[in-house]
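J.: Here you go, this is input_26.txt (compact mmCIF, C-alpha atoms).
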# COMPACT_ATOMS: atom_id res chain seq x y z
CA MET G 290 0.00 0.00 0.00
CA SER G 291 1.37 3.36 -0.99
CA PHE G 292 2.13 6.02 1.58
CA LEU G 293 -0.47 8.36 0.06
CA ARG G 294 -3.20 5.69 0.09
CA GLN G 295 -2.44 4.81 3.74
CA THR G 296 -2.42 8.46 4.74
CA SER G 297 -5.74 9.01 2.99
CA ARG G 298 -7.27 6.04 4.81
CA ASN G 299 -6.00 7.25 8.19
CA LEU G 300 -7.38 10.72 7.60
CA SER G 301 -10.70 9.28 6.50
CA ARG G 302 -10.94 7.21 9.68
CA ARG G 303 -10.01 10.21 11.82
CA PHE G 304 -12.46 12.68 10.38
CA ASN G 305 -15.35 10.28 9.83
CA ASN G 306 -15.14 8.89 13.35
CA PRO G 307 -18.60 9.45 14.99
CA THR G 308 -16.98 10.53 18.25
CA GLN G 309 -14.85 13.09 16.47
CA ILE G 310 -17.81 14.36 14.49
CA ALA G 311 -19.90 14.75 17.66
CA ARG G 312 -17.04 16.52 19.41
CA ARG G 313 -16.59 18.93 16.51
CA SER G 314 -20.33 19.73 16.50
CA LEU G 315 -20.37 20.82 20.12
CA SER G 316 -21.13 24.54 20.40
CA HIS G 317 -19.46 26.89 22.80
CA TRP G 318 -22.97 28.11 23.65
CA GLN G 319 -24.07 24.70 24.95
CA GLN G 320 -22.69 25.67 28.34
CA TYR G 321 -25.33 28.40 28.69
CA GLU G 322 -28.36 27.33 30.70
CA MET G 323 -31.88 28.58 30.13
CA GLY G 324 -32.39 31.65 32.26
CA PRO G 325 -35.51 32.16 34.34
CA PRO G 326 -38.29 34.22 32.73
CA ASP G 327 -38.51 37.87 33.67
CA PRO G 328 -41.28 38.25 36.28
CA ILE G 329 -43.09 40.98 34.33
CA VAL G 330 -42.50 39.67 30.79
CA GLY G 331 -43.50 36.16 31.84
CA LEU G 332 -46.66 37.54 33.43
CA ASN G 333 -47.58 39.36 30.24
CA GLU G 334 -46.99 36.22 28.18
CA SER G 335 -49.28 34.20 30.44
CA PHE G 336 -51.90 36.93 30.24
CA ALA G 337 -51.76 36.94 26.44
CA LEU G 338 -52.39 33.18 26.35
CA ASP G 339 -55.37 33.38 28.71
CA ALA G 340 -58.61 33.01 26.73
CA SER G 341 -60.90 34.23 29.52
CA PRO G 342 -63.03 37.27 28.64
CA HIS G 343 -62.67 38.43 32.25
CA LYS G 344 -58.86 38.53 32.33
CA ILE G 345 -57.19 41.61 33.83
CA ASN G 346 -53.53 42.57 33.67
CA VAL G 347 -52.48 44.68 36.65
CA GLY G 348 -48.83 43.68 36.48
CA VAL G 349 -47.48 45.97 33.77
CA GLY G 350 -46.04 49.32 34.88
CA ALA G 351 -47.57 51.43 32.12
CA TYR G 352 -50.55 53.77 32.17
CA ARG G 353 -53.84 52.72 30.62
CA GLY G 354 -56.93 54.80 30.02
CA ASP G 355 -60.28 53.85 31.52
CA ASN G 356 -60.86 51.79 28.37
CA GLY G 357 -57.87 49.65 29.36
CA LEU G 358 -55.82 50.70 26.33
CA PRO G 359 -52.43 52.47 26.05
CA TYR G 360 -52.71 56.24 26.19
CA VAL G 361 -50.75 58.82 24.18
CA LEU G 362 -50.81 62.28 25.71
CA PRO G 363 -52.38 64.84 23.33
CA CYS G 364 -49.44 67.19 23.96
CA VAL G 365 -47.09 64.44 22.76
CA GLN G 366 -49.19 63.95 19.62
CA GLU G 367 -49.02 67.70 18.97
CA ALA G 368 -45.26 67.75 19.56
CA GLU G 369 -44.86 64.96 16.99
CA LYS G 370 -46.80 66.98 14.42
CA ILE G 371 -44.63 70.03 15.12
CA ASN G 372 -41.45 68.01 14.70
CA MET G 373 -42.67 66.35 11.49
CA ALA G 374 -43.12 69.83 9.99
CA MET G 375 -39.55 70.89 10.82
CA PRO G 376 -37.59 70.97 7.53
CA ASN G 377 -34.19 70.70 9.21
CA LEU G 378 -34.99 67.85 11.59
CA ASN G 379 -32.61 64.96 10.92
CA HIS G 380 -31.47 61.61 12.28
CA GLU G 381 -27.83 62.40 12.93
CA TYR G 382 -26.05 61.07 16.00
CA LEU G 383 -26.39 63.03 19.20
CA GLY G 384 -23.26 63.69 21.24
CA ILE G 385 -22.25 61.37 24.05
CA ALA G 386 -24.11 63.52 26.61
CA GLY G 387 -27.20 63.73 24.41
CA ASP G 388 -29.34 66.70 23.44
CA ALA G 389 -28.04 69.64 25.50
CA GLN G 390 -31.31 71.59 25.29
CA PHE G 391 -33.27 68.57 26.48
CA VAL G 392 -30.84 68.02 29.36
CA ASN G 393 -31.13 71.65 30.49
CA LEU G 394 -34.93 71.50 30.38
CA ALA G 395 -34.90 68.21 32.30
CA LEU G 396 -32.76 69.80 35.02
CA GLU G 397 -35.09 72.79 35.29
CA PHE G 398 -38.03 70.40 35.48
CA VAL G 399 -36.66 68.51 38.48
CA TYR G 400 -34.57 71.15 40.30
CA GLY G 401 -36.61 74.27 39.41
CA LYS G 402 -35.72 77.04 36.97
CA ASP G 403 -34.37 79.23 39.76
CA SER G 404 -32.32 76.51 41.43
CA PRO G 405 -29.00 77.95 42.64
CA VAL G 406 -27.08 74.82 41.63
CA LEU G 407 -28.13 75.42 38.02
CA LYS G 408 -27.30 79.11 38.10
CA GLU G 409 -23.88 78.35 39.55
CA GLY G 410 -23.13 75.71 36.91
CA ARG G 411 -22.57 73.01 39.53
CA VAL G 412 -24.55 70.23 37.81
CA ALA G 413 -22.95 67.58 35.60
CA ALA G 414 -25.68 65.99 33.50
CA THR G 415 -26.27 63.73 30.52
CA GLN G 416 -29.20 62.32 28.62
CA THR G 417 -29.60 58.59 29.35
CA LEU G 418 -31.49 55.53 28.17
CA SER G 419 -34.43 56.33 30.43
CA GLY G 420 -34.06 55.74 34.16
CA THR G 421 -32.67 52.23 33.75
CA GLY G 422 -29.75 53.40 31.64
CA GLY G 423 -29.06 56.28 34.01
CA LEU G 424 -28.97 53.90 36.97
CA ARG G 425 -26.44 51.68 35.22
CA VAL G 426 -24.22 54.63 34.24
CA PHE G 427 -24.29 55.89 37.82
CA GLY G 428 -23.45 52.42 39.16
CA GLU G 429 -20.47 52.14 36.80
CA LEU G 430 -19.35 55.64 37.78
CA LEU G 431 -19.51 54.76 41.47
CA ARG G 432 -17.46 51.61 40.98
CA LYS G 433 -14.82 53.48 38.97
CA GLY G 434 -14.65 56.00 41.80
CA GLY G 435 -13.88 53.32 44.37
CA HIS G 436 -17.33 52.63 45.78
CA LYS G 437 -18.06 48.99 46.54
CA GLU G 438 -21.68 49.13 47.71
CA ILE G 439 -24.97 51.02 47.51
CA TYR G 440 -27.88 51.07 49.97
CA VAL G 441 -31.46 50.70 48.71
CA PRO G 442 -34.82 50.60 50.51
CA ASP G 443 -36.41 47.26 51.34
CA PRO G 444 -38.40 46.70 49.20
CA THR G 445 -37.34 48.59 46.09
CA TRP G 446 -37.93 48.38 42.37
CA GLY G 447 -36.90 44.86 41.40
CA ASN G 448 -34.49 45.97 38.67
CA HIS G 449 -32.44 48.16 41.02
CA ILE G 450 -30.67 45.14 42.47
CA PRO G 451 -29.44 43.46 39.25
CA ILE G 452 -28.54 46.82 37.70
CA PHE G 453 -26.17 47.69 40.53
CA LYS G 454 -24.88 44.14 40.94
CA ASN G 455 -24.03 44.02 37.25
CA ALA G 456 -22.23 47.35 37.69
CA GLY G 457 -20.00 45.63 40.24
CA LEU G 458 -21.57 46.96 43.44
CA GLU G 459 -22.78 45.07 46.48
CA VAL G 460 -26.41 45.97 47.15
CA LYS G 461 -27.34 46.44 50.79
CA LYS G 462 -30.76 47.32 52.18
CA TYR G 463 -32.27 49.60 54.79
CA ARG G 464 -35.70 48.97 56.25
CA TYR G 465 -38.51 50.92 54.62
CA TYR G 466 -41.93 49.24 54.52
CA ASP G 467 -43.70 47.18 57.16
CA ALA G 468 -46.11 44.74 55.51
CA GLY G 469 -47.68 44.05 58.89
CA ILE G 470 -49.06 47.57 59.15
CA SER G 471 -49.06 48.29 55.38
CA GLY G 472 -47.06 51.43 56.05
CA LEU G 473 -43.69 53.05 56.35
CA GLN G 474 -41.56 51.81 59.24
CA PHE G 475 -39.99 55.21 59.64
CA ASP G 476 -38.17 54.76 62.94
CA ASN G 477 -36.43 51.61 61.68
CA MET G 478 -35.60 53.36 58.43
CA ILE G 479 -33.92 56.21 60.29
CA SER G 480 -32.09 53.79 62.56
CA ASP G 481 -30.70 51.86 59.59
CA ILE G 482 -29.63 54.99 57.73
CA LYS G 483 -27.78 56.19 60.83
CA ASP G 484 -25.80 52.94 60.74
CA ILE G 485 -24.69 53.32 57.11
CA PRO G 486 -20.93 54.01 56.89
CA GLU G 487 -19.80 57.55 56.13
CA GLY G 488 -19.34 58.31 52.43
CA SER G 489 -21.76 55.59 51.29
CA VAL G 490 -24.40 56.10 48.63
CA VAL G 491 -28.04 55.74 49.66
CA LEU G 492 -30.76 55.43 47.03
CA LEU G 493 -34.05 57.20 47.72
CA HIS G 494 -37.28 57.19 45.69
CA ALA G 495 -38.20 60.82 45.01
CA CYS G 496 -41.94 60.11 44.93
CA ALA G 497 -44.43 57.28 44.33
CA HIS G 498 -42.17 54.63 45.86
CA ASN G 499 -42.09 51.51 43.70
CA PRO G 500 -43.48 49.00 44.61
CA THR G 501 -45.22 50.20 47.79
CA GLY G 502 -46.62 53.61 46.79
CA MET G 503 -45.85 54.72 50.35
CA ASP G 504 -43.88 57.97 50.56
CA PRO G 505 -42.48 59.82 53.59
CA SER G 506 -44.32 62.98 54.63
CA PRO G 507 -42.61 66.38 54.20
CA GLU G 508 -41.75 66.32 57.90
CA GLN G 509 -40.22 62.87 57.56
CA TRP G 510 -38.23 63.98 54.52
CA ASN G 511 -36.83 66.78 56.66
CA GLU G 512 -35.57 64.26 59.18
CA ILE G 513 -34.21 61.94 56.50
CA SER G 514 -32.27 64.85 55.01
CA LYS G 515 -30.75 65.69 58.39
CA VAL G 516 -29.74 62.09 59.12
CA VAL G 517 -28.21 61.66 55.67
CA LYS G 518 -26.26 64.89 56.03
CA ASP G 519 -25.11 64.14 59.58
CA GLY G 520 -23.91 60.74 58.38
CA LYS G 521 -22.03 62.35 55.45
CA LEU G 522 -23.83 60.07 53.02
CA ILE G 523 -24.37 60.63 49.29
CA PRO G 524 -28.09 60.79 48.44
CA PHE G 525 -29.09 59.40 45.05
CA PHE G 526 -32.69 60.02 43.97
CA ASP G 527 -34.54 57.83 41.51
CA CYS G 528 -37.21 60.14 40.06
CA ALA G 529 -39.45 58.11 37.76
CA TYR G 530 -42.88 59.62 38.48
CA GLN G 531 -42.53 63.39 38.72
CA GLY G 532 -45.92 64.92 37.93
CA PHE G 533 -47.50 61.49 37.60
CA ALA G 534 -47.63 60.79 41.35
CA SER G 535 -49.65 63.72 42.64
CA GLY G 536 -50.43 65.51 39.40
CA ASN G 537 -48.18 68.36 40.56
CA ALA G 538 -44.60 68.21 39.24
CA PRO G 539 -43.01 70.65 41.74
CA GLN G 540 -44.75 68.89 44.63
CA ASP G 541 -43.39 65.53 43.47
CA ALA G 542 -39.89 67.04 43.44
CA PHE G 543 -40.21 68.27 47.03
CA ALA G 544 -37.69 65.85 48.54
CA ILE G 545 -35.02 66.54 45.91
CA ARG G 546 -35.36 70.31 46.21
CA LYS G 547 -35.41 70.06 50.01
CA PHE G 548 -32.14 68.13 49.99
CA ILE G 549 -30.57 70.74 47.71
CA ASP G 550 -31.72 73.54 50.03
CA ASP G 551 -30.09 71.61 52.88
CA GLY G 552 -26.75 71.60 51.03
CA HIS G 553 -26.53 68.00 49.83
CA LEU G 554 -24.31 67.21 46.85
CA LEU G 555 -26.83 64.74 45.51
CA ALA G 556 -27.37 62.82 42.28
CA THR G 557 -30.65 62.26 40.44
CA VAL G 558 -31.78 59.93 37.70
CA GLN G 559 -34.94 60.94 35.82
CA SER G 560 -37.26 58.91 33.64
CA PHE G 561 -39.79 60.42 31.26
CA SER G 562 -41.54 57.12 30.56
CA LYS G 563 -44.45 57.39 32.99
CA ASN G 564 -45.14 61.13 33.12
CA PHE G 565 -44.86 61.73 29.35
CA GLY G 566 -46.08 58.25 28.37
CA LEU G 567 -42.90 57.70 26.31
CA TYR G 568 -42.26 54.14 27.46
CA GLY G 569 -40.73 52.91 24.22
CA GLN G 570 -38.60 55.98 23.54
CA ARG G 571 -36.20 55.49 26.49
CA VAL G 572 -35.91 59.12 27.58
CA GLY G 573 -34.02 59.95 30.76
CA ALA G 574 -31.33 62.07 32.38
CA LEU G 575 -28.64 61.61 35.00
CA SER G 576 -27.33 64.57 36.98
CA ILE G 577 -24.73 64.96 39.71
CA ILE G 578 -24.26 68.12 41.77
CA GLY G 579 -20.66 69.15 42.33
CA GLN G 580 -19.09 71.44 44.88
CA ASP G 581 -18.29 74.00 42.17
CA ALA G 582 -18.44 74.40 38.40
CA ASP G 583 -14.95 72.98 37.88
CA GLU G 584 -15.81 69.81 39.79
CA ALA G 585 -18.99 69.44 37.74
CA LYS G 586 -16.96 69.60 34.50
CA ARG G 587 -14.60 66.89 35.71
CA VAL G 588 -17.50 64.67 36.74
CA LEU G 589 -19.18 65.21 33.37
CA SER G 590 -16.02 64.10 31.60
CA GLN G 591 -16.08 60.85 33.59
CA MET G 592 -19.78 60.36 32.83
CA LYS G 593 -18.99 60.64 29.12
CA MET G 594 -16.09 58.19 29.45
CA THR G 595 -18.50 55.72 31.07
CA ILE G 596 -21.19 56.15 28.41
CA ARG G 597 -18.98 56.02 25.30
CA PRO G 598 -18.07 52.30 25.46
CA MET G 599 -21.47 51.36 26.88
CA TYR G 600 -23.93 52.70 24.28
CA SER G 601 -22.00 55.59 22.69
CA ASN G 602 -24.88 58.08 22.60
CA PRO G 603 -28.63 58.14 23.32
CA PRO G 604 -31.56 58.18 20.86
CA ARG G 605 -32.91 61.55 19.85
CA HIS G 606 -36.63 61.18 18.99
CA GLY G 607 -38.08 60.93 22.51
CA ALA G 608 -35.82 63.65 23.86
CA GLN G 609 -36.90 65.86 20.96
CA LEU G 610 -40.55 65.37 21.96
CA VAL G 611 -39.93 66.25 25.61
CA LYS G 612 -37.86 69.25 24.57
CA THR G 613 -40.57 70.48 22.21
CA ILE G 614 -43.11 70.36 25.04
CA LEU G 615 -41.03 71.82 27.87
CA GLN G 616 -39.68 74.73 25.85
CA ASP G 617 -43.22 75.83 24.91
CA ASP G 618 -45.31 77.41 27.67
CA ARG G 619 -48.66 76.35 26.20
CA LEU G 620 -47.59 72.76 25.62
CA THR G 621 -46.08 72.63 29.09
CA THR G 622 -49.40 73.76 30.57
CA ASP G 623 -51.18 71.11 28.50
CA PHE G 624 -48.73 68.48 29.74
CA ILE G 625 -49.30 69.46 33.38
CA ASP G 626 -53.08 69.21 32.91
CA GLN G 627 -52.88 65.87 31.09
CA CYS G 628 -50.46 64.43 33.62
CA ALA G 629 -52.83 65.51 36.39
CA ASP G 630 -55.68 63.77 34.55
CA MET G 631 -53.71 60.50 34.63
CA ALA G 632 -52.94 60.89 38.32
CA ASN G 633 -56.56 61.74 39.09
CA ARG G 634 -57.89 58.69 37.25
CA ILE G 635 -55.58 56.44 39.24
CA ASN G 636 -56.61 58.09 42.51
CA THR G 637 -60.27 57.62 41.56
CA MET G 638 -59.63 53.92 40.96
CA ARG G 639 -57.93 53.67 44.36
CA THR G 640 -61.04 55.07 46.02
CA LYS G 641 -63.39 52.81 44.03
CA LEU G 642 -61.31 49.69 44.68
CA ARG G 643 -61.14 50.36 48.40
CA SER G 644 -64.88 51.07 48.58
CA ALA G 645 -65.69 47.88 46.71
CA LEU G 646 -63.37 45.85 48.95
CA GLU G 647 -64.99 47.27 52.08
CA GLU G 648 -68.56 46.93 50.81
CA GLY G 649 -70.54 44.45 52.90
CA GLY G 650 -67.89 44.40 55.60
CA ALA G 651 -64.20 43.62 55.33
CA ASN G 652 -62.11 41.01 57.10
CA ARG G 653 -59.05 43.26 56.93
CA SER G 654 -58.20 46.94 56.52
CA TRP G 655 -57.88 48.26 52.98
CA GLU G 656 -57.04 51.81 54.04
CA HIS G 657 -53.52 51.50 52.62
CA ILE G 658 -54.96 51.39 49.09
CA THR G 659 -55.86 55.09 49.33
CA ASN G 660 -52.92 56.06 51.58
CA GLN G 661 -50.49 55.06 48.84
CA ILE G 662 -49.67 57.19 45.82
CA GLY G 663 -48.59 56.71 42.23
CA MET G 664 -49.03 53.88 39.77
CA PHE G 665 -48.84 50.95 42.17
CA ALA G 666 -50.79 49.64 45.12
CA TYR G 667 -48.96 47.28 47.44
CA SER G 668 -51.99 45.16 48.18
CA GLY G 669 -50.67 43.00 51.02
CA LEU G 670 -51.73 39.83 49.20
CA SER G 671 -49.56 36.77 49.79
CA SER G 672 -47.95 34.90 46.91
CA ASP G 673 -50.49 32.09 47.34
CA GLN G 674 -53.35 34.58 47.11
CA VAL G 675 -51.78 36.13 44.00
CA VAL G 676 -51.60 32.69 42.38
CA ALA G 677 -55.25 32.07 43.30
CA LEU G 678 -56.20 35.39 41.72
CA ARG G 679 -54.50 34.31 38.52
CA ASP G 680 -55.64 30.70 38.39
CA ASP G 681 -59.21 31.14 39.61
CA HIS G 682 -60.07 34.67 38.49
CA HIS G 683 -57.69 35.44 35.58
CA ILE G 684 -56.22 38.49 37.32
CA TYR G 685 -52.48 38.94 36.79
CA CYS G 686 -50.20 40.81 39.19
CA THR G 687 -46.67 40.24 40.47
CA LEU G 688 -46.09 37.68 43.22
CA ASP G 689 -45.33 40.37 45.80
CA GLY G 690 -48.94 41.57 45.49
CA ARG G 691 -48.07 44.77 43.63
CA ILE G 692 -51.08 45.96 41.65
CA SER G 693 -50.73 48.45 38.82
CA MET G 694 -53.65 50.78 39.43
CA ALA G 695 -53.42 51.88 35.80
CA GLY G 696 -54.90 48.50 34.87
CA VAL G 697 -57.94 49.02 37.11
CA THR G 698 -60.88 50.57 35.27
CA SER G 699 -64.47 51.49 36.03
CA GLY G 700 -65.43 48.43 34.00
CA ASN G 701 -63.41 45.87 35.98
CA VAL G 702 -62.99 47.32 39.46
CA ASP G 703 -65.97 45.46 40.96
CA TYR G 704 -64.93 42.13 39.45
CA MET G 705 -61.44 42.66 40.77
CA ALA G 706 -62.62 43.59 44.26
CA ASN G 707 -64.87 40.51 44.46
CA ALA G 708 -61.98 38.30 43.36
CA ILE G 709 -59.65 39.78 45.99
CA LYS G 710 -62.30 39.29 48.67
CA GLU G 711 -62.70 35.68 47.54
CA VAL G 712 -58.99 34.83 47.83
CA THR G 713 -58.61 36.63 51.18
CA LYS G 714 -61.77 35.41 52.92
CA SER G 715 -60.18 32.45 54.72
Give the structure from the file, written as structure tokens.

T.:
Amino acid sequence: MSFLRQTSRNLSRRFNNPTQIARRSLSHWQQYEMGPPDPIVGLNESFALDASPHKINVGVGAYRGDNGLPYVLPCVQEAEKINMAMPNLNHEYLGIAGDAQFVNLALEFVYGKDSPVLKEGRVAATQTLSGTGGLRVFGELLRKGGHKEIYVPDPTWGNHIPIFKNAGLEVKKYRYYDAGISGLQFDNMISDIKDIPEGSVVLLHACAHNPTGMDPSPEQWNEISKVVKDGKLIPFFDCAYQGFASGNAPQDAFAIRKFIDDGHLLATVQSFSKNFGLYGQRVGALSIIGQDADEAKRVLSQMKMTIRPMYSNPPRHGAQLVKTILQDDRLTTDFIDQCADMANRINTMRTKLRSALEEGGANRSWEHITNQIGMFAYSGLSSDQVVALRDDHHIYCTLDGRISMAGVTSGNVDYMANAIKEVTKS
């Protein structure tokens, strides 16, 4: 047998060997396990598959009109028409920090037009991919600056924890809500904040705390501000519901403006998803107050260095809509009125749901439904009761009992109340 023939046979055996073929077909990606479904996305998928005509989705964190459908603010529709008529509007890249006019208007919206920190040029700020993107940028910035942990309320928005963990921070908690009384456990909250190490970052919900809807009173905010300042902590406000919570944008910014008046060098992340109804446009801003204008410039440079390799620059369409509204006095007035209409509808549903739950006598207090504020009601239902709501009554909410009041309408509130009474009667 010739050398070439023998070599050919050996190669044929080697490369046609079933074991070798199987080994070559193994993918690098086979090591990746199936991840668990997202709690909200999975809930929506189950809801979509439910054929019941009585099904209700109160899990999604997006506003719905009383007809149960998504709602586009009329001022946003008008802003879109204005922008479509602009001959020079284009789709060029924004800079790393985003639309400068939008950012300035966002800062005036949250801090107030006459805020001294704005007049003194002490605010470093960028446009972000809504609140979620701003949170991640801030987490990365903290880690780069030597921070190893961040303190969040217990409970907090579910995405806070993975966002900061993925940014390389350890997430620690301070007590906030007492499910036993369906209210704020303020004394324990203050005690825990006093124990936080000096120089640490503490996250605070500016208004409409998610998921509980339970906010501190102005007097309690005063005490929180003092404790945070005495402890030399860095306050970081997540402001996702300004104007949407109470219907009054300056009122919803009370805590942030109070902290500024008290001399805090705070940071704020803003989302324009809920208040402007721009959920899919990912419009947000991140701002950090420096000691002086020079410090703010240095911080801004580091914010840009964090953003550039992450997503390079933000989208422009949603920011253009917000800018068009906030730079026009008439459209701004329309926005305030329409935002108040959304808040008022939710508050009306709170009252109706509580009344329906208490009708005919109640085996528990439902007062917390109307004491809370914002999009969500922290119902106090157990996970077993939530599952019973879904399986027996086709009502979908998250396992912690958080109910999106935007999904409650005049057409389903009685059905929902009767179902809740049914699962809580034993």

J.: Fewer than 6 positions away in the same chain doesn't count, so skip those; otherwise give me all residues within 12 Å of His436 (chain G), counting all atoms listed in the file, as a list in words.

T.: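 Result of the neighbour search: Phe427, Gly428, Glu429, Leu430, Phe453, Ala456, Gly457, Leu458, Glu459, Val460, Pro486, Glu487, Gly488, Ser489, Val490, Val491 and Ile523 of chain G.
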
J.: Set out as a tab-separated table a contact list for region 375-404 of chain G and region 566-579 of chain G with a cut-off of 8 Å, giving each residue of region 375-404 of chain G that qualifies its closest atom pair and distance in Å to one decimal, counting all atoms listed in the file, ordered by chain and rising residue number.

T.:
residue	atom	partner	partner_atom	distance
G:Val392	CA	G:Ala574	CA	6.7
G:Ala395	CA	G:Ala574	CA	7.1
G:Leu396	CA	G:Ser576	CA	7.8

J.: Out of G:Val347, G:Val712, G:Val406, G:Ala544, which residue has the shortest atom-to-atom distance to Gln580 (chain G) when counting only C-alpha atoms?

T.: G:Val406

J.: Region 574-686 of chain G near region 502-515 of chain G within 9 Å: what's each residue's closest atom pair and its distance in Å to one decimal, counting all atoms listed in the file, ordered by chain then ascending residue number, as a Markdown table?

T.:
| residue | atom | partner | partner_atom | distance |
| --- | --- | --- | --- | --- |
| G:His657 | CA | G:Met503 | CA | 8.6 |
| G:Ile658 | CA | G:Gly502 | CA | 8.9 |
| G:Asn660 | CA | G:Met503 | CA | 7.3 |
| G:Gln661 | CA | G:Gly502 | CA | 4.6 |
| G:Ile662 | CA | G:Gly502 | CA | 4.8 |
| G:Gly663 | CA | G:Gly502 | CA | 5.9 |
| G:Met664 | CA | G:Gly502 | CA | 7.4 |
| G:Phe665 | CA | G:Gly502 | CA | 5.8 |
| G:Ala666 | CA | G:Gly502 | CA | 6.0 |
| G:Tyr667 | CA | G:Gly502 | CA | 6.8 |

J.: If I take CA of Pro444 (chain G) and CA of Leu522 (chain G), how far is one from the other in Å, to one decimal?

T.: 20.1 Å

J.: Considering all atoms listed in the file, can you say which of G:Cys528, G:Lys437, G:Arg605, G:Thr417 comes closest to His380 (chain G)?

T.: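 Of G:Cys528, G:Lys437, G:Arg605, G:Thr417, the one nearest His380 (chain G), counting all atoms listed in the file, is G:Arg605.
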
J.: What does the structure give for the distance between CA of Trp318 (chain G) and CA of Asn455 (chain G), in Å to one decimal?

T.: 21.0 Å

J.: Around (-35.5, 59.1, 17.9) in the file's frame, which residues reach within 12 Å when counting all atoms listed in the file? Return as number ranges by chain?

T.: G: 369, 372, 378-383, 387-388, 418, 567, 569-572, 602-611

J.: Which residue is closest to Asp551 (chain G)? Choose from G:Lys370, G:His317, G:Lys518, G:His343 and count all atoms listed in the file.

T.: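 Distance minimum relative to Asp551 (chain G) lands on G:Lys518.
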
J.: Within 8 Å of (-19.9, 67.7, 35.0) (file coordinates; all atoms listed in the file), which protein or nucleic acid residues are there? I'd like them as a list of chain:residue names.

T.: G:Arg411, G:Val412, G:Ala413, G:Ala414, G:Ile577, G:Gly579, G:Ala582, G:Asp583, G:Glu584, G:Ala585, G:Lys586, G:Arg587, G:Val588, G:Leu589, G:Ser590, G:Gln591, G:Met592

J.: Just the number, please: distance in Å from CA of Ile385 (chain G) to CA of Ile614 (chain G), one decimal.

T.: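 Separating CA of Ile385 (chain G) from CA of Ile614 (chain G) is a distance of 22.7 Å.
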
J.: Just checking: using all atoms listed in the file, which residue out of G:Asn537, G:Pro500, G:His494, G:Ala340 ends up closest to Pro524 (chain G)?

T.: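 Result for the nearest residue to Pro524 (chain G): G:His494.
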
J.: Using all atoms listed in the file, pick whichever of G:Lys593, G:His449, G:Lys454, G:Arg634 has the shortest atom-to-atom distance to Phe533 (chain G).

T.: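 Using all atoms listed in the file, the shortest distance to Phe533 (chain G) belongs to G:Arg634.
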
J.: Just the residues within 12 Å of Trp655 (chain G), please, counting all atoms listed in the file, with nothing from its chain fewer than 5 positions along; format it as a list in words.

T.: Ile470, Ser471, Gly472, Arg639, Thr640, Lys641, Leu642, Arg643, Ser644, Ala645, Leu646, Glu647, Glu648, Gly650, Asn660, Gln661, Ala666, Tyr667, Ser668, Gly669, Leu670, Ala706, Ile709, Lys710 and Thr713 of chain G
